[in-house]
Every structure is written in C-alpha cells, then in structure tokens.
2 protein chains.
Amino acid sequence: MTFAVNLAEIASLVGDPARANILSALMDGRALTATELAYAAGVTPQTTSGHLAKLTDARLLFAMRQGRHRYYRLASPLVAQMLESIMAVAVEGPPRYRPSSKLDEALKAARTCYNHLAGRLGVGIADALCERGHLVFAEEGGEVTPGGLAFMQEFGIDLAAARRRGRVFCRPCLDWSERRPHLGGALGAALATRCFDLGWLTRNRSGRALAITPAGRRGLAEAFGLSL
Amino acid sequence: MTFAVNLAEIASLVGDPARANILSALMDGRALTATELAYAAGVTPQTTSGHLAKLTDARLLFAMRQGRHRYYRLASPLVAQMLESIMAVAVEGPPRYRPSSKLDEALKAARTCYNHLAGRLGVGIADALCERGHLVFAEEGGEVTPGGLAFMQEFGIDLAAARRRGRVFCRPCLDWSERRPHLGGALGAALATRCFDLGWLTRNRSGRALAITPAGRRGLAEAFGLSL
DNA sequence: ACGACAGTACGGCCGCCGCCGAAATATTCA
DNA sequence: TGAATATTTCGGCGGCGGCCGTACTGTCGT
C-alpha cells in the first residue's frame with residue numbers, strides 16, 4: 001500500500017493548523033516571506049522555519065532566495081487545486097458552530113483562488129458568461145464558445161498568451177463558499193489579471209479578499225451585468 | 001482564520017496512515033464492513049472502530065447498518081475527488097525511493113477510481129474516445145460530442161439514467177499513475193458499469209485493481225481499438 | 001567594520017493521539 | 001436460550017511531533 005502511505009504523508013503535512021494557515025495564506029498564488037508566513041501561521045519564526053522546510057522538502061512549496069529574504073509560493077497549480085478540493089469537503093462538513101467573521105464575509109464576497117476570481121464575484125462572472133453563451137459549464141467540464149473567445153479578446157485578454165501557459169485553458173473550479181463553479185485555468189487567471197490591470201479590483205493587504213473599486217463597480221456592471 | 005482550521009481538520013483526518021488506508025480502500029465507491037477495513041488498514045478492529053467513528057463524524061464516511069455488519073462508504077463524490085487530488089500531488093512528490101510492488105503494478109494497469117475506470121485502461125479508453133472525436137478533453141474541461149453520445153448509446157449505456165444522477169455528467173479526472181486525464185463523472189461511471197455488465201472486467205477481491213477477461217480483451221479491442 | 005534584521009539549527013518540554021488488551025453490547029444462527 | 005461473530009467502549013501505555021528559548025549564519029545599510 002505504498003500509495004496510501006504517500007496519501008497520508010501529504011495530507012498530514014496539510015493537517016497541521018500552522019501549516020494549513022501557511023498554505024492557506026499562499027492560496028492566492030503570491031509569494032510571501034518566511035516572516036510574513038510566521039505571522040499568518042500564528043507561531044514563532046523558528047517554528048515556521050521548520051514547517052517551511054518540511055513543506056518545501058515535500059514539494060508543496062517552492063522557495064526562492066532574494067537578498068536576505070526567502071519567498072515561498074505554492075509549488076504548482078496542482079497543490080492549489082488539492083487545497084481547494086479539501087476546502088470543498090471541509091465546508092460541507094459537520095454542522096458545527098461556524099461563526100462567520102468579518103474577514104470571512106469579505107472572503108465570501110470576492111477573493112482570489114490561486115490566481116483567478118472566486119466568491120460571489122467569481123461565480124457571478126461565470127454565471128454571466130454562461131448566460132450569454134460565452135461559456136458552457138452545464139453538465140460537463142467546461143468550454144469557451146467562439147463567441148466567448150471573441151468577447152474575451154475584446155475585453156482585452158491576450159488569448160494566445162493564455163494558451164501558451166501550459167496550464168489547462170478553461171477549468172471549472174468548485175467555489176467552496178458558493179458551492180458552484182467559477183472560471184479557473186489559464187483563462188480565469190488572464191481574466192483576473194485584466195480586471196486588476198483595469199483598476200477594477202484591488203487586493204486587500206495581507207489577505208485573499210478583494211475590494212471592488214468604484215470604477216470596477218461600473219465596469220463589471222457594464223461588461224457582465226453584475227450589480228454588486 | 002476559521003477556514004484554515006477546517007482545512008487542517010479534514011486534512012489531519014486523512015493524514016493518519018491507518019485512516020488513509022481505509023479511505024484508499026473505499027476509493028472504488030464500494031461499501032466495506034468495519035472488519036474488512038480493519039484488515040485493509042492493518043490495525044486491530046478496536047482501533048479501526050475509533051477511526052471509523054472519527055471519519056463518520058466528520059462526514060467523510062457514511063455508515064449503514066445491515067444486520068450485524070456496518071457498511072462504510074465514502075460520503076460523497078466530493079470526498080473521492082479530494083482524495084484523488086491529494087494523490088495527484090503525492091505522486092508528483094519528492095524523488096523518494098519508490099519500490100513498485102506487484103499490487104501497485106496491477107493498480108497502474110487497471111483500477112476503479114471511485115466508480116469509473118482508471119489506470120492505463122481508463123486513460124486508454126479516454127484517449128480512444130478523444131481520437132475518434134467522441135470526446136473533447138483537449139485544453140478545457142471536457143465535453144462529449146453528439147457523435148460520442150450516439151456511440152455511448154450504441155454501446156448500451158442508458159444516457160438518460162446517467163444524466164439523472166445529479167452528478168456532473170462528464171468530468172476529466174486526473175489519473176495519478178498516468179498523469180493524464182481519464183473519463184470521470186456520471187458518464188464514466190456508466191461506462192464502467194457497462195463493462196462490468198458485459199463481463200469484460202472483474203474486480204480483484206479486496207482491492208481496486210481490475211482484471212480484464214478474455215471476452216473483455218476482445219471487446220475492448222473491437223470497441224476502442226485497445227491492445228492490452 | 002558594525003548593528004539590525006531575516007532566517008535557520010539545536011535541545012528540551014509537553015501534550016496529543018494512535019495503539020492494543022480486556023471487556024461490554026449487539027445481532028445472527030442453531 | 002446459548003454460542004458465535006461483529007462492533008464498540010474503556011483504560012493505560014508509548015512515541016511522535018509541534019512549540020519555544022537560545023544561539024548561530026547570512027545579508028543589508030551606514
């Protein structure tokens with residue numbers, strides 16, 4: 001049962017609260033320093049250092065030195081996908097007492113998921129795209145229609161660059177707060193990037209929650225018919 | 001950080017070797033008794049009982065009494081998907097010494113993945129379907145073409161019943177041994193069931209590995225052009 | 001060169017949790 | 001009813017592993 005051994009090994013790495021916090025903080029695809037992660041994990045830097053070493057050894061994280069800092073990021077989209085799928089199970093979990101903090105509320109509204117948009121915003125955009133026939137999620141995996149490609153192009157997305165990334169182009173990604181799919185993959189990432197470039201969305205400092213700017217409010221309403 | 005707490009909670013449940021063995025044994029979607037799972041986990045029934053209680057409390061497993069037996073199965077396809085995604089990360093993992101046992105070899109050749117086909121067999125079938133234009137996995141999620149639907153119908157699959165299941169109809173599922181997608185979702189399950197019904201495949205006792213019958217060898221060659 | 005800061009080893013403490021043996025409860029079969 | 005089997009509960013043992021304090025190695029700025 002060598003496979004199950006590996007299964008347990010990876011899962012137990014995620015299974016520690018401090019490490020789960022670290023991974024969770026990296027879910028937006030950014031790279032953070034060891035000290036920042038120590039703060040996110042809620043333990044001392046020494047302890048964090050040990051955790052980071054374990055996660056890096058297991059190839060869940062990738063570290064790059066830059067001066068006297070060490071930036072850590074998730075090793076691959078596969079890792080982000082794994083964390084998402086665990087989240088999806090976790091929120092379905094036992095009917096426990098679940099006090100929803102203000103932070104959680106912000107996360108539910110709009111956040112990044114690895115590098116694409118999630119939360120009510122992400123699902124809303126996906127819904128709008130589906131409704132207009134730009135995207136088909138219906139019963140199968142997901143596909144962009146020719147009309148959808150044209151729409152994306154006009155929206156300012158470099159489709160050729162997105163395809164070149166080597167990642168899955170269009171992936172439905174189960175949103176753990178909305179329990180419905182939003183747009184992932186390279187296209188989802190490109191769409192998110194474009195929204196940032198347009199100044200429609202800004203990252204909350206130290207968090208995955210996103211804020212929608214006034215311009216974003218207008219733009220999203222016009223482009224996708226969203227009223228937020 | 002209430003979300004990360006749940007993340008760690010679920011992951012740590014999977015992170016114990018005994019429990020990972022249990023979950024792994026249930027990955028084929030069947031329901032097994034506590035004693036069978038004790039054997040699979042490699043621990044005594046008492047210990048297993050404790051593990052099963054934890055997994056059931058967390059809604060990873062679902063238990064149903066039947067006489068003096070208690071049958072346990074995965075609580076939902078979501079759980080199976082989570083386990084798959086952890087596996088996917090695990091096999092990409094560190095370049096450790098990985099002795100491939102005979103059992104592993106059998107698993108790599110053909111196995112069930114929750115309730116559809118995986119391993120070289122599963123990937124081979126998916127490839128054949130793609131090659132003939134019955135299925136499109138290329139860059140996006142995955143979709144069955146009209147021709148594919150007709151093929152499935154002719155193959156003896158009740159498409160209406162498959163659609164009614166409430167599950168995703170056609171899902172690409174990353175094969176952790178082949179590292180390429182095979183056919184999952186309700187359609188994948190229906191296809192697997194049909195192969196069993198035709199007597200092409202038989203389950204290995206106490207395991208997810210599958211054996212291909214002589215009739216199966218002929219049938220798979222004829223229907224999908226597979227030479228195994 | 002020196003101090004400040006980021007990050008990393010080392011050592012010891014402590015608590016959680018998995019493990020089993022023994023025994024209790026439940027259900028079937030004779 | 002009584003024996004057999006399936007499963008659970010309880011109690012105690014043992015070890016792994018996370019935690020921090022202390023101390024060491026780099027790297028930057030002045």
# chains A, B, ... in the order shown; residues from 1 in each chain; ligands from 1
call {"tool": "select_by_dssp", "arguments": {"residues": "region 20-200 of chain B", "states": "strand (DSSP E or B)", "output": "ChimeraX atom specification"}}
result
/B:32-33,61-66,69-74,111-113,116-118,135-136,140,142-144,170-174,181-184
call {"tool": "residues_around", "arguments": {"residues": "region 34-50 of chain A", "least_positions_apart": "3", "cutoff": "10 Å", "atoms": "only C-alpha atoms (C1' of nucleotides)", "output": "tab-separated table (two decimals) with N, CA and C atoms (P, O5', C5', C4', C3', O3' and C1' of nucleotides), in the first residue's frame"}}
result
chain	number	residue	atom	x	y	z
A	17	PRO	N	-2.39	22.69	11.94
A	17	PRO	CA	-3.00	24.00	11.85
A	17	PRO	C	-2.05	25.09	11.36
A	18	ALA	N	-0.84	25.10	11.89
A	18	ALA	CA	0.10	26.14	11.47
A	18	ALA	C	0.40	26.02	9.98
A	19	ARG	N	0.65	24.81	9.53
A	19	ARG	CA	0.96	24.62	8.11
A	19	ARG	C	-0.25	24.91	7.25
A	20	ALA	N	-1.43	24.55	7.73
A	20	ALA	CA	-2.64	24.86	6.96
A	20	ALA	C	-2.80	26.36	6.80
A	21	ASN	N	-2.48	27.10	7.83
A	21	ASN	CA	-2.54	28.55	7.73
A	21	ASN	C	-1.56	29.07	6.70
A	22	ILE	N	-0.37	28.50	6.72
A	22	ILE	CA	0.65	28.91	5.75
A	22	ILE	C	0.16	28.66	4.32
A	23	LEU	N	-0.30	27.45	4.08
A	23	LEU	CA	-0.76	27.10	2.74
A	23	LEU	C	-1.94	27.97	2.33
A	24	SER	N	-2.80	28.19	3.30
A	24	SER	CA	-3.98	29.00	3.04
A	24	SER	C	-3.59	30.41	2.63
A	25	ALA	N	-2.57	30.93	3.31
A	25	ALA	CA	-2.13	32.29	3.00
A	25	ALA	C	-1.51	32.37	1.61
A	26	LEU	N	-1.01	31.25	1.12
A	26	LEU	CA	-0.36	31.24	-0.19
A	26	LEU	C	-1.31	30.88	-1.32
A	31	ALA	N	3.86	35.08	-3.62
A	31	ALA	CA	4.97	34.54	-2.85
A	31	ALA	C	5.16	35.41	-1.62
A	53	ALA	N	10.44	24.20	5.90
A	53	ALA	CA	11.39	23.21	5.41
A	53	ALA	C	10.67	21.92	5.04
A	54	LYS	N	9.75	21.51	5.91
A	54	LYS	CA	9.00	20.28	5.62
A	54	LYS	C	8.19	20.42	4.34
A	55	LEU	N	7.50	21.53	4.22
A	55	LEU	CA	6.63	21.73	3.05
A	55	LEU	C	7.46	21.82	1.78
A	56	THR	N	8.63	22.42	1.88
A	56	THR	CA	9.48	22.54	0.70
A	56	THR	C	10.07	21.18	0.32
A	63	ALA	N	10.72	27.56	-2.82
A	63	ALA	CA	11.35	28.71	-2.18
A	63	ALA	C	12.34	29.36	-3.12
A	69	HIS	N	15.85	37.78	2.07
A	69	HIS	CA	14.51	37.21	2.22
A	69	HIS	C	14.45	35.87	1.52
A	70	ARG	N	13.49	35.12	1.94
A	70	ARG	CA	13.18	33.90	1.18
A	70	ARG	C	11.71	33.93	0.87
A	71	TYR	N	11.39	33.93	-0.39
A	71	TYR	CA	10.00	33.97	-0.80
A	71	TYR	C	9.50	32.56	-1.05
A	72	TYR	N	8.37	32.27	-0.44
A	72	TYR	CA	7.76	30.94	-0.62
A	72	TYR	C	6.46	31.08	-1.39
A	206	SER	N	-2.49	41.84	2.93
A	206	SER	CA	-2.40	40.62	3.74
A	206	SER	C	-3.69	39.84	3.76
A	207	GLY	N	-4.14	39.43	2.59
A	207	GLY	CA	-5.33	38.60	2.59
A	207	GLY	C	-5.75	38.29	1.17
B	1	MET	N	-9.36	33.08	10.96
B	1	MET	CA	-8.95	32.04	10.00
B	1	MET	C	-9.74	30.75	10.21
B	4	ALA	N	-9.10	27.97	7.53
B	4	ALA	CA	-7.89	27.17	7.62
B	4	ALA	C	-8.02	26.11	8.70
C	6	DA	P	13.20	41.55	9.88
C	6	DA	O5'	13.75	40.34	9.01
C	6	DA	C5'	14.07	40.57	7.64
C	6	DA	C4'	14.56	39.28	7.02
C	6	DA	C3'	13.66	38.08	7.29
C	6	DA	O3'	13.48	37.34	6.09
C	6	DA	C1'	15.86	37.65	8.13
C	7	DG	P	12.48	36.17	6.06
C	7	DG	O5'	13.39	34.96	6.53
C	7	DG	C5'	14.47	34.58	5.70
C	7	DG	C4'	15.34	33.57	6.42
C	7	DG	C3'	14.61	32.31	6.87
C	7	DG	O3'	15.07	31.21	6.11
C	7	DG	C1'	16.14	33.11	8.51
C	8	DT	P	14.59	29.76	6.45
C	8	DT	O5'	15.72	29.22	7.42
C	8	DT	C5'	17.07	29.32	7.02
C	8	DT	C4'	17.96	28.74	8.09
C	8	DT	C3'	17.59	27.31	8.52
C	8	DT	O3'	18.74	26.51	8.33
C	8	DT	C1'	17.92	28.72	10.41
C	9	DA	P	18.72	25.02	8.54
C	9	DA	O5'	19.03	24.85	10.09
C	9	DA	C5'	19.79	23.75	10.43
C	9	DA	C4'	20.52	24.02	11.72
C	9	DA	C3'	20.32	22.86	12.71
C	9	DA	O3'	21.57	22.39	13.14
C	9	DA	C1'	19.75	24.95	13.71
D	18	DG	P	4.92	18.47	13.42
D	18	DG	O5'	4.14	19.72	13.99
D	18	DG	C5'	2.99	19.54	14.78
D	18	DG	C4'	3.04	20.44	16.00
D	18	DG	C3'	3.62	21.83	15.74
D	18	DG	O3'	2.81	22.81	16.35
D	18	DG	C1'	4.81	20.79	17.48
D	19	DC	P	3.06	24.33	16.08
D	19	DC	O5'	3.87	24.79	17.37
D	19	DC	C5'	3.19	24.87	18.62
D	19	DC	C4'	4.17	25.19	19.72
D	19	DC	C3'	5.08	26.37	19.39
D	19	DC	O3'	4.57	27.56	19.99
D	19	DC	C1'	6.29	24.53	20.39
D	20	DC	P	5.23	28.94	19.59
D	20	DC	O5'	6.42	29.10	20.64
D	20	DC	C5'	6.16	28.98	22.03
D	20	DC	C4'	7.47	28.81	22.77
D	20	DC	C3'	8.44	29.97	22.55
D	20	DC	O3'	8.75	30.59	23.78
D	20	DC	C1'	9.50	27.86	22.19
call {"tool": "interface_residues", "arguments": {"of": "chain D", "to": "chain B", "cutoff": "10 Å", "atoms": "only C-alpha atoms (C1' of nucleotides)", "output": "tab-separated table (two decimals) with N, CA and C atoms (P, O5', C5', C4', C3', O3' and C1' of nucleotides), in the first residue's frame"}}
result
chain	number	residue	atom	x	y	z
D	5	DT	P	-17.14	-17.91	15.25
D	5	DT	O5'	-17.54	-16.48	14.66
D	5	DT	C5'	-18.67	-16.36	13.82
D	5	DT	C4'	-19.11	-14.92	13.75
D	5	DT	C3'	-17.96	-13.92	13.58
D	5	DT	O3'	-18.25	-13.06	12.49
D	5	DT	C1'	-19.39	-13.24	15.31
D	6	DA	P	-17.21	-11.95	12.02
D	6	DA	O5'	-17.97	-10.63	12.46
D	6	DA	C5'	-19.33	-10.43	12.07
D	6	DA	C4'	-19.77	-9.04	12.49
D	6	DA	C3'	-18.72	-7.96	12.30
D	6	DA	O3'	-19.34	-6.78	11.79
D	6	DA	C1'	-19.33	-8.06	14.59
D	7	DT	P	-18.43	-5.52	11.40
D	7	DT	O5'	-18.47	-4.64	12.71
D	7	DT	C5'	-19.73	-4.21	13.24
D	7	DT	C4'	-19.55	-3.59	14.59
D	7	DT	C3'	-18.49	-2.50	14.67
D	7	DT	O3'	-19.13	-1.24	14.81
D	7	DT	C1'	-18.52	-3.88	16.59
D	8	DT	P	-18.28	0.10	15.07
D	8	DT	O5'	-18.36	0.21	16.66
D	8	DT	C5'	-19.62	0.18	17.30
D	8	DT	C4'	-19.45	0.23	18.81
D	8	DT	C3'	-18.62	1.41	19.32
D	8	DT	O3'	-19.38	2.11	20.29
D	8	DT	C1'	-17.86	-0.64	20.26
D	9	DT	P	-18.78	3.48	20.86
D	9	DT	O5'	-18.22	3.08	22.30
D	9	DT	C5'	-19.03	2.31	23.18
D	9	DT	C4'	-18.27	2.03	24.48
D	9	DT	C3'	-17.42	3.20	25.00
D	9	DT	O3'	-17.67	3.37	26.39
D	9	DT	C1'	-16.11	1.24	24.83
call {"tool": "interface_residues", "arguments": {"of": "chain C", "to": "chain B", "cutoff": "9 Å", "atoms": "only C-alpha atoms (C1' of nucleotides)", "output": "list of chain:residue names"}}
result
C:DG18, C:DC19, C:DC20, C:DA26, C:DT27, C:DT28
call {"tool": "atom_distance", "arguments": {"atom1": "CA of Asn204 (chain B)", "atom2": "CA of Met87 (chain B)"}}
result
21.3 Å
call {"tool": "closest_residue", "arguments": {"among": "A:Phe196, A:Trp176, A:Phe169, A:Phe224", "to": "chain B", "atoms": "only C-alpha atoms"}}
result
A:Phe169
call {"tool": "select_by_dssp", "arguments": {"residues": "region 13-75 of chain B", "states": "alpha helix (DSSP H)", "output": "CSV table (one decimal) with C-alpha atoms, in the first residue's frame"}}
result
chain,number,residue,atom,x,y,z
B,13,LEU,CA,-8.1,13.0,9.3
B,14,VAL,CA,-6.7,11.9,6.0
B,17,PRO,CA,-1.7,6.1,7.8
B,18,ALA,CA,-4.5,3.8,9.1
B,19,ARG,CA,-7.2,6.2,8.1
B,20,ALA,CA,-5.6,6.8,4.7
B,21,ASN,CA,-5.6,3.1,4.1
B,22,ILE,CA,-9.3,3.0,5.0
B,23,LEU,CA,-10.2,5.8,2.7
B,24,SER,CA,-8.0,4.4,0.0
B,25,ALA,CA,-9.7,1.1,0.2
B,34,ALA,CA,-15.6,-2.5,9.6
B,35,THR,CA,-13.7,-5.7,9.8
B,36,GLU,CA,-12.7,-5.6,6.2
B,37,LEU,CA,-11.5,-2.1,6.7
B,38,ALA,CA,-9.5,-3.2,9.8
B,39,TYR,CA,-7.7,-5.6,7.6
B,40,ALA,CA,-7.1,-3.0,4.9
B,41,ALA,CA,-5.8,-0.5,7.5
B,45,PRO,CA,-10.7,-3.8,14.9
B,46,GLN,CA,-10.8,-1.8,18.1
B,47,THR,CA,-8.5,0.8,16.6
B,48,THR,CA,-10.3,0.8,13.3
B,49,SER,CA,-13.6,1.4,15.1
B,50,GLY,CA,-12.2,4.6,16.6
B,51,HIS,CA,-11.0,5.7,13.2
B,52,LEU,CA,-14.3,5.0,11.5
B,53,ALA,CA,-16.2,6.9,14.2
B,54,LYS,CA,-14.0,9.9,13.6
B,55,LEU,CA,-14.3,9.7,9.8
B,56,THR,CA,-18.1,9.3,10.1
B,57,ASP,CA,-18.4,12.2,12.5
call {"tool": "closest_residue", "arguments": {"among": "A:Ala126, A:Ala209, A:Leu183, A:Cys170", "to": "chain B", "atoms": "only C-alpha atoms"}}
result
A:Cys170
call {"tool": "atom_distance", "arguments": {"atom1": "CA of Gly133 (chain A)", "atom2": "CA of Leu191 (chain A)"}}
result
16.9 Å
call {"tool": "atom_distance", "arguments": {"atom1": "CA of Met27 (chain A)", "atom2": "CA of Leu135 (chain A)"}}
result
25.2 Å
call {"tool": "residues_around", "arguments": {"residues": "Ala190 (chain A)", "least_positions_apart": "4", "cutoff": "7 Å", "atoms": "only C-alpha atoms (C1' of nucleotides)", "output": "list in words"}}
result
Ile157, Ala162, Ala186 and Arg194 of chain A
call {"tool": "write_last_selection", "arguments": {"atoms": "N, CA and C atoms", "output": "PDB file, in the first residue's frame"}}
result
ATOM      1  N   ILE A 157      -8.063  40.580 -23.354  1.00  0.00           N
ATOM      2  CA  ILE A 157      -7.262  39.447 -22.894  1.00  0.00           C
ATOM      3  C   ILE A 157      -6.452  38.887 -24.051  1.00  0.00           C
ATOM      4  N   ALA A 162      -2.392  33.334 -23.039  1.00  0.00           N
ATOM      5  CA  ALA A 162      -3.032  32.464 -22.050  1.00  0.00           C
ATOM      6  C   ALA A 162      -2.890  30.998 -22.452  1.00  0.00           C
ATOM      7  N   ALA A 186      -6.087  28.835 -17.123  1.00  0.00           N
ATOM      8  CA  ALA A 186      -5.319  29.956 -17.645  1.00  0.00           C
ATOM      9  C   ALA A 186      -6.228  31.121 -18.027  1.00  0.00           C
ATOM     10  N   ARG A 194      -6.616  40.907 -16.013  1.00  0.00           N
ATOM     11  CA  ARG A 194      -7.169  42.032 -16.767  1.00  0.00           C
ATOM     12  C   ARG A 194      -7.981  42.949 -15.845  1.00  0.00           C
TER      13      ARG A 194
END
call {"tool": "decode", "arguments": {"residues": "region 36-62 of chain A", "atoms": "N, CA and C atoms", "output": "compact mmCIF listing (two decimals), in the first residue's frame"}}
result
# COMPACT_ATOMS: atom_id res chain seq x y z
N GLU A 36 6.47 36.81 7.09
CA GLU A 36 5.05 37.06 6.82
C GLU A 36 4.24 35.79 7.08
N LEU A 37 4.80 34.68 6.69
CA LEU A 37 4.09 33.42 6.89
C LEU A 37 4.03 33.05 8.37
N ALA A 38 5.08 33.42 9.10
CA ALA A 38 5.06 33.16 10.53
C ALA A 38 3.89 33.88 11.18
N TYR A 39 3.70 35.12 10.74
CA TYR A 39 2.58 35.90 11.26
C TYR A 39 1.26 35.24 10.88
N ALA A 40 1.17 34.83 9.62
CA ALA A 40 -0.07 34.20 9.15
C ALA A 40 -0.35 32.91 9.91
N ALA A 41 0.72 32.19 10.22
CA ALA A 41 0.55 30.89 10.87
C ALA A 41 0.26 31.04 12.36
N GLY A 42 0.64 32.18 12.90
CA GLY A 42 0.40 32.38 14.33
C GLY A 42 1.40 31.68 15.22
N VAL A 43 2.58 31.39 14.71
CA VAL A 43 3.64 30.78 15.54
C VAL A 43 4.93 31.56 15.34
N THR A 44 5.93 31.23 16.13
CA THR A 44 7.18 31.98 16.05
C THR A 44 7.93 31.65 14.76
N PRO A 45 8.82 32.54 14.37
CA PRO A 45 9.60 32.30 13.15
C PRO A 45 10.37 30.98 13.18
N GLN A 46 10.91 30.62 14.34
CA GLN A 46 11.65 29.35 14.41
C GLN A 46 10.77 28.17 14.00
N THR A 47 9.60 28.15 14.64
CA THR A 47 8.67 27.07 14.33
C THR A 47 8.27 27.09 12.87
N THR A 48 8.00 28.28 12.38
CA THR A 48 7.61 28.43 10.97
C THR A 48 8.71 27.90 10.06
N SER A 49 9.95 28.21 10.41
CA SER A 49 11.05 27.76 9.58
C SER A 49 11.03 26.24 9.41
N GLY A 50 10.78 25.55 10.51
CA GLY A 50 10.69 24.10 10.44
C GLY A 50 9.56 23.64 9.52
N HIS A 51 8.43 24.29 9.67
CA HIS A 51 7.29 23.92 8.82
C HIS A 51 7.61 24.16 7.35
N LEU A 52 8.20 25.30 7.07
CA LEU A 52 8.51 25.64 5.68
C LEU A 52 9.49 24.64 5.09
N ALA A 53 10.44 24.20 5.90
CA ALA A 53 11.39 23.21 5.41
C ALA A 53 10.67 21.92 5.04
N LYS A 54 9.75 21.51 5.91
CA LYS A 54 9.00 20.28 5.62
C LYS A 54 8.19 20.42 4.34
N LEU A 55 7.50 21.53 4.22
CA LEU A 55 6.63 21.73 3.05
C LEU A 55 7.46 21.82 1.78
N THR A 56 8.63 22.42 1.88
CA THR A 56 9.48 22.54 0.70
C THR A 56 10.07 21.18 0.32
N ASP A 57 10.50 20.44 1.34
CA ASP A 57 11.03 19.09 1.06
C ASP A 57 10.00 18.24 0.34
N ALA A 58 8.76 18.40 0.75
CA ALA A 58 7.70 17.57 0.16
C ALA A 58 7.24 18.12 -1.18
N ARG A 59 7.85 19.24 -1.60
CA ARG A 59 7.50 19.85 -2.88
C ARG A 59 6.08 20.40 -2.92
N LEU A 60 5.60 20.80 -1.76
CA LEU A 60 4.33 21.51 -1.76
C LEU A 60 4.60 22.99 -1.95
N LEU A 61 5.74 23.43 -1.47
CA LEU A 61 6.13 24.82 -1.64
C LEU A 61 7.42 24.89 -2.45
N PHE A 62 7.63 26.06 -2.98
CA PHE A 62 8.85 26.32 -3.72
C PHE A 62 9.44 27.59 -3.13
